[in-house]
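Everything below belongs to coords.csv, which stores CSV, C-alpha atoms.
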```
chain,number,residue,atom,x,y,z
J,77,MET,CA,37.8,-74.6,15.0
J,78,THR,CA,41.0,-72.6,15.5
J,79,GLU,CA,41.4,-69.9,18.1
J,80,ALA,CA,41.5,-67.3,15.3
J,81,GLU,CA,38.1,-68.5,14.0
J,82,ILE,CA,36.5,-68.1,17.5
J,83,ALA,CA,38.1,-64.8,18.5
J,84,PRO,CA,35.9,-61.8,17.9
J,85,ARG,CA,37.1,-59.5,15.2
J,86,PRO,CA,37.9,-55.9,16.3
J,87,PRO,CA,35.0,-53.5,15.7
J,88,THR,CA,35.0,-51.3,12.8
J,89,ALA,CA,35.1,-47.5,13.3
J,90,GLY,CA,31.4,-47.3,12.5
J,91,GLU,CA,30.5,-50.1,14.9
J,92,ARG,CA,32.5,-48.5,17.7
J,93,GLU,CA,30.8,-45.1,17.0
J,94,ALA,CA,27.4,-46.8,17.1
J,95,TYR,CA,28.0,-48.6,20.4
J,96,CYS,CA,29.5,-45.5,22.0
J,97,ALA,CA,26.4,-43.6,21.0
J,98,VAL,CA,24.2,-46.3,22.5
J,99,GLU,CA,26.3,-46.2,25.7
J,100,ARG,CA,26.0,-42.4,25.9
J,101,GLN,CA,22.3,-42.3,25.3
J,102,LEU,CA,21.7,-45.2,27.8
J,103,ALA,CA,23.7,-43.3,30.5
J,104,ILE,CA,21.5,-40.2,30.0
J,105,LEU,CA,18.3,-42.3,29.9
J,106,LEU,CA,19.2,-44.2,33.1
J,107,ARG,CA,20.1,-41.0,35.0
J,108,ARG,CA,16.9,-39.4,34.0
J,109,ALA,CA,14.8,-42.5,34.6
J,110,LYS,CA,16.2,-42.7,38.2
J,111,ALA,CA,15.2,-39.1,38.8
J,112,PHE,CA,11.8,-39.7,37.1
J,113,SER,CA,11.2,-42.8,39.3
J,114,ALA,CA,12.1,-40.9,42.5
J,115,GLY,CA,9.5,-38.3,41.5
J,116,MET,CA,6.9,-41.0,40.8
J,117,GLY,CA,7.6,-42.4,44.3
J,118,ARG,CA,7.0,-39.1,45.9
J,119,LYS,CA,3.6,-38.9,44.0
J,120,VAL,CA,2.7,-42.2,45.6
J,121,HIS,CA,3.7,-41.1,49.1
J,122,PRO,CA,5.9,-38.1,50.1
J,123,GLU,CA,7.9,-40.3,52.5
J,124,LEU,CA,8.6,-43.0,49.9
J,125,ASP,CA,12.2,-43.9,49.2
J,126,PRO,CA,13.2,-43.2,45.6
J,127,GLY,CA,13.7,-46.9,44.8
J,128,ALA,CA,10.4,-48.0,46.3
J,129,TYR,CA,8.3,-47.1,43.3
J,130,GLY,CA,9.8,-50.0,41.4
J,131,LEU,CA,8.9,-52.3,44.3
J,132,LEU,CA,5.3,-51.3,44.3
J,133,VAL,CA,5.1,-51.7,40.5
J,134,ARG,CA,6.6,-55.2,40.7
J,135,ILE,CA,4.3,-56.2,43.6
J,136,ASP,CA,1.3,-55.0,41.6
J,137,GLN,CA,2.4,-56.9,38.5
J,138,SER,CA,3.1,-60.2,40.4
J,139,SER,CA,1.0,-60.2,43.5
J,140,PRO,CA,0.6,-62.2,45.6
J,141,MET,CA,4.3,-62.8,45.7
J,142,ARG,CA,6.9,-63.8,48.4
J,143,SER,CA,9.5,-61.2,49.5
J,144,SER,CA,12.2,-63.7,48.6
J,145,ASP,CA,10.9,-63.8,45.0
J,146,LEU,CA,10.9,-60.0,44.9
J,147,ALA,CA,14.5,-59.9,46.3
J,148,ALA,CA,15.6,-62.4,43.6
J,149,TYR,CA,13.9,-60.4,40.8
J,150,LEU,CA,15.6,-57.2,41.9
J,151,ARG,CA,18.9,-59.0,42.7
J,152,VAL,CA,19.1,-57.7,46.3
J,153,GLY,CA,19.5,-59.5,49.6
J,154,ARG,CA,16.7,-60.6,51.8
J,155,ALA,CA,17.7,-58.1,54.5
J,156,THR,CA,17.6,-55.2,52.1
J,157,ILE,CA,14.2,-56.1,50.8
J,158,SER,CA,12.9,-56.8,54.3
J,159,ARG,CA,13.8,-53.2,55.3
J,160,GLN,CA,12.2,-51.7,52.3
J,161,LEU,CA,9.0,-53.7,52.6
J,162,LYS,CA,8.7,-52.8,56.3
J,163,VAL,CA,8.6,-49.1,55.3
J,164,LEU,CA,6.0,-49.8,52.6
J,165,GLU,CA,3.9,-51.7,55.1
J,166,GLU,CA,4.2,-49.0,57.8
J,167,LEU,CA,3.0,-46.5,55.1
J,168,GLY,CA,-0.1,-48.7,54.5
J,169,LEU,CA,0.9,-49.3,50.9
J,170,ILE,CA,1.4,-53.1,51.1
J,171,SER,CA,0.1,-56.0,53.2
J,172,ARG,CA,1.5,-59.3,54.1
J,173,SER,CA,-0.5,-62.5,54.5
J,174,PRO,CA,0.6,-66.0,55.4
J,175,ASP,CA,1.6,-68.2,52.5
J,176,PRO,CA,-0.8,-71.2,52.5
J,177,GLU,CA,1.9,-73.3,50.9
J,178,ASP,CA,4.6,-72.4,53.4
J,179,GLY,CA,3.8,-71.3,56.9
J,180,ARG,CA,7.2,-69.6,57.3
J,181,ALA,CA,6.7,-67.3,54.3
J,182,HIS,CA,4.4,-64.3,53.6
J,183,LEU,CA,2.7,-63.1,50.5
J,184,LEU,CA,2.9,-59.5,49.5
J,185,ALA,CA,0.1,-57.5,47.9
J,186,LEU,CA,-0.8,-53.8,47.5
J,187,THR,CA,-3.4,-52.5,49.9
J,188,PRO,CA,-6.4,-50.7,48.4
J,189,GLU,CA,-4.7,-47.4,49.4
J,190,GLY,CA,-1.4,-48.6,47.8
J,191,SER,CA,-3.3,-49.5,44.6
J,192,ARG,CA,-5.0,-46.2,44.5
J,193,ARG,CA,-1.8,-44.2,45.0
J,194,LEU,CA,0.1,-46.3,42.5
J,195,ASP,CA,-2.7,-45.8,39.9
J,196,ASP,CA,-2.6,-42.1,40.5
J,197,ALA,CA,1.1,-42.0,40.0
J,198,ARG,CA,0.9,-44.1,36.8
J,199,SER,CA,-1.8,-41.8,35.4
J,200,ALA,CA,0.5,-38.8,36.1
J,201,ARG,CA,3.5,-40.7,34.5
J,202,GLU,CA,1.4,-41.5,31.4
J,203,GLY,CA,0.4,-37.8,31.1
J,204,GLN,CA,4.1,-36.9,31.2
J,205,LEU,CA,5.0,-39.4,28.5
J,206,ARG,CA,2.1,-38.2,26.4
J,207,THR,CA,3.3,-34.6,26.7
J,208,LEU,CA,6.9,-35.6,25.9
J,209,LEU,CA,6.0,-37.7,22.9
J,210,ALA,CA,3.0,-35.6,21.6
J,211,ALA,CA,4.8,-34.6,18.4
J,212,TRP,CA,5.7,-38.2,17.6
J,213,PRO,CA,3.5,-40.3,15.3
J,214,GLU,CA,1.8,-43.2,17.0
J,215,GLU,CA,3.9,-45.7,15.0
J,216,ASP,CA,7.1,-44.1,16.4
J,217,VAL,CA,5.8,-44.5,20.0
J,218,ARG,CA,5.0,-48.1,19.3
J,219,LEU,CA,8.5,-48.6,17.8
J,220,LEU,CA,10.1,-47.1,20.9
J,221,ALA,CA,8.1,-49.5,23.1
J,222,ARG,CA,9.1,-52.5,21.0
J,223,MET,CA,12.8,-51.5,20.9
J,224,LEU,CA,12.8,-50.9,24.7
J,225,GLU,CA,11.1,-54.3,25.2
J,226,ARG,CA,13.6,-56.0,23.0
J,227,PHE,CA,16.5,-54.4,24.9
J,228,ASN,CA,15.0,-55.2,28.3
J,229,MET,CA,14.6,-58.9,27.2
J,230,LEU,CA,18.3,-59.0,26.4
J,231,THR,CA,19.3,-57.6,29.8
J,232,GLU,CA,16.9,-59.7,31.9
J,233,GLY,CA,19.5,-62.3,32.9
J,234,MET,CA,22.4,-59.9,33.3
J,235,HIS,CA,24.1,-59.2,36.6
J,236,PRO,CA,25.8,-56.0,37.5
```
Before we go any further, please render this structure as structure tokens.
Amino acid sequence: MTEAEIAPRPPTAGEREAYCAVERQLAILLRRAKAFSAGMGRKVHPELDPGAYGLLVRIDQSSPMRSSDLAAYLRVGRATISRQLKVLEELGLISRSPDPEDGRAHLLALTPEGSRRLDDARSAREGQLRTLLAAWPEEDVRLLARMLERFNMLTEGMHP
């Protein structure tokens, strides 16, 4: 193949407009999602750091899990995750237990209190989403979920 055959063609005006619209809408969504997540974190515990809600959700989805696996999933350093987990543990939201496969490592899990608080926050979040999307037909809500899942799958391996 020649270089001309491999080189991407310039986008058409319509394509450029479409991708610019996606970029604008994603910027709005991400900004609002960050604020939404911070609010959800405060529902779990008033002293919770805005980013900690996502940690609790991931621990709940994957527990028991090692802190190193959580750090890798979130693409943050071990020192960063260690500081964040220490706060969650001090608030009584997570517990650490020795990893039977590696005596140097610990496994993370939500405490019963952490589970209860996370469930309460999730119920509140679901209520907010139901209110926001109340006028949408169920099929549109399902389509939104499928499209978000599809997009998230594309971005799973991306690095900032």
If you take all atoms listed in the file and a cut-off of 6 Å, which residues of range 153-220 of chain J touch range 119-137 of chain J, and what are their nearest atom pairs and distances in Å to one decimal, in chain and number order, as a Markdown table?
```
| residue | atom | partner | partner_atom | distance |
| --- | --- | --- | --- | --- |
| J:Arg193 | CA | J:Val120 | CA | 5.0 |
| J:Leu194 | CA | J:Val120 | CA | 5.8 |
| J:Ala197 | CA | J:Lys119 | CA | 5.6 |
```
* Looking at all atoms listed in the file, which of J:Arg118, J:Arg142, J:Arg226, J:Arg92 is the one that sits closest to Pro176 in chain J? -> J:Arg142
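Across the structure, CA of Trp212 in chain J and CA of Ser113 in chain J are spaced 22.9 Å apart.
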* Structure fact -> The distance between CA of Ala148 in chain J and CA of Val163 in chain J is 19.0 Å
Can you tell me, as an mmCIF file with C-alpha atoms, in the coordinates of the input, what residues are no more than 9 Å from Leu161 in chain J when counting only C-alpha atoms, ignoring any on the same chain fewer than 2 positions away?
```cif
data_model
loop_
_atom_site.group_PDB
_atom_site.id
_atom_site.type_symbol
_atom_site.label_atom_id
_atom_site.label_comp_id
_atom_site.auth_asym_id
_atom_site.auth_seq_id
_atom_site.Cartn_x
_atom_site.Cartn_y
_atom_site.Cartn_z
ATOM 1 C CA ALA J 128 10.400 -48.000 46.300
ATOM 2 C CA LEU J 131 8.900 -52.300 44.300
ATOM 3 C CA SER J 143 9.500 -61.200 49.500
ATOM 4 C CA THR J 156 17.600 -55.200 52.100
ATOM 5 C CA ILE J 157 14.200 -56.100 50.800
ATOM 6 C CA SER J 158 12.900 -56.800 54.300
ATOM 7 C CA ARG J 159 13.800 -53.200 55.300
ATOM 8 C CA VAL J 163 8.600 -49.100 55.300
ATOM 9 C CA LEU J 164 6.000 -49.800 52.600
ATOM 10 C CA GLU J 165 3.900 -51.700 55.100
ATOM 11 C CA GLU J 166 4.200 -49.000 57.800
ATOM 12 C CA ILE J 170 1.400 -53.100 51.100
ATOM 13 C CA LEU J 184 2.900 -59.500 49.500
#
```
* Just give me the gap between CA of Phe112 in chain J and CA of Tyr95 in chain J in Å, one decimal is fine. =>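 According to the coordinates, CA of Phe112 in chain J and CA of Tyr95 in chain J are separated by 24.9 Å.
In this comparison, which uses only C-alpha atoms, the residue of J:Gln204, J:Ser139, J:Thr231, J:Ser191 approaching Ser173 in chain J most closely is J:Ser139.
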* Residue among J:Asp196, J:Thr88, J:Arg201, J:Leu183 lying closest to Asp145 in chain J, counting all atoms listed in the file ->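 Looking only at the distances to Asp145 in chain J, the closest residue turns out to be J:Leu183.
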Given 6 Å on each side, where is the centre and what are the edge lengths in Å to one decimal of the axis-aligned box enclosing the listed atoms of range 93-109 of chain J, as lines of an AutoDock Vina configuration file?
```
center_x = 22.8
center_y = -44.0
center_z = 26.0
size_x = 28.0
size_y = 21.2
size_z = 30.0
```
* Nearest-residue call for Asp175 in chain J, choices J:Pro140, J:Glu189, J:Pro87, J:Leu208, using all atoms listed in the file ->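 Smallest distance to Asp175 in chain J is found for J:Pro140.
Closest approach to Gly117 in chain J from the set J:Ala181, J:Leu224, J:Leu169, J:Ala211 is made by J:Leu169, with distances taken over only C-alpha atoms.
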Atoms added to range 100-111 of chain J (N, CA, C and O atoms), reported as a tab-separated table (two decimals), keeping the file's coordinate frame:
```
chain	number	residue	atom	x	y	z
J	100	ARG	N	26.26	-43.74	25.50
J	100	ARG	CA	26.00	-42.40	25.90
J	100	ARG	C	24.52	-42.13	26.18
J	100	ARG	O	24.12	-41.58	27.20
J	101	GLN	N	23.69	-42.56	25.24
J	101	GLN	CA	22.30	-42.30	25.30
J	101	GLN	C	21.65	-43.16	26.50
J	101	GLN	O	20.75	-42.69	27.19
J	102	LEU	N	22.16	-44.38	26.71
J	102	LEU	CA	21.70	-45.20	27.80
J	102	LEU	C	22.05	-44.52	29.16
J	102	LEU	O	21.24	-44.51	30.10
J	103	ALA	N	23.25	-43.98	29.26
J	103	ALA	CA	23.70	-43.30	30.50
J	103	ALA	C	22.73	-42.14	30.81
J	103	ALA	O	22.30	-41.96	31.95
J	104	ILE	N	22.40	-41.36	29.79
J	104	ILE	CA	21.50	-40.20	30.00
J	104	ILE	C	20.09	-40.75	30.37
J	104	ILE	O	19.48	-40.26	31.32
J	105	LEU	N	19.60	-41.76	29.65
J	105	LEU	CA	18.30	-42.30	29.90
J	105	LEU	C	18.21	-42.86	31.37
J	105	LEU	O	17.25	-42.59	32.09
J	106	LEU	N	19.21	-43.62	31.78
J	106	LEU	CA	19.20	-44.20	33.10
J	106	LEU	C	19.25	-43.15	34.21
J	106	LEU	O	18.56	-43.26	35.21
J	107	ARG	N	20.05	-42.14	34.00
J	107	ARG	CA	20.10	-41.00	35.00
J	107	ARG	C	18.80	-40.33	35.10
J	107	ARG	O	18.30	-40.08	36.19
J	108	ARG	N	18.19	-40.03	33.97
J	108	ARG	CA	16.90	-39.40	34.00
J	108	ARG	C	15.78	-40.26	34.50
J	108	ARG	O	14.87	-39.82	35.19
J	109	ALA	N	15.85	-41.56	34.16
J	109	ALA	CA	14.80	-42.50	34.60
J	109	ALA	C	14.88	-42.64	36.15
J	109	ALA	O	13.84	-42.76	36.80
J	110	LYS	N	16.08	-42.61	36.70
J	110	LYS	CA	16.20	-42.70	38.20
J	110	LYS	C	15.54	-41.50	38.83
J	110	LYS	O	14.80	-41.65	39.79
J	111	ALA	N	15.79	-40.31	38.29
J	111	ALA	CA	15.20	-39.10	38.80
J	111	ALA	C	13.64	-39.16	38.63
J	111	ALA	O	12.86	-38.79	39.51
```
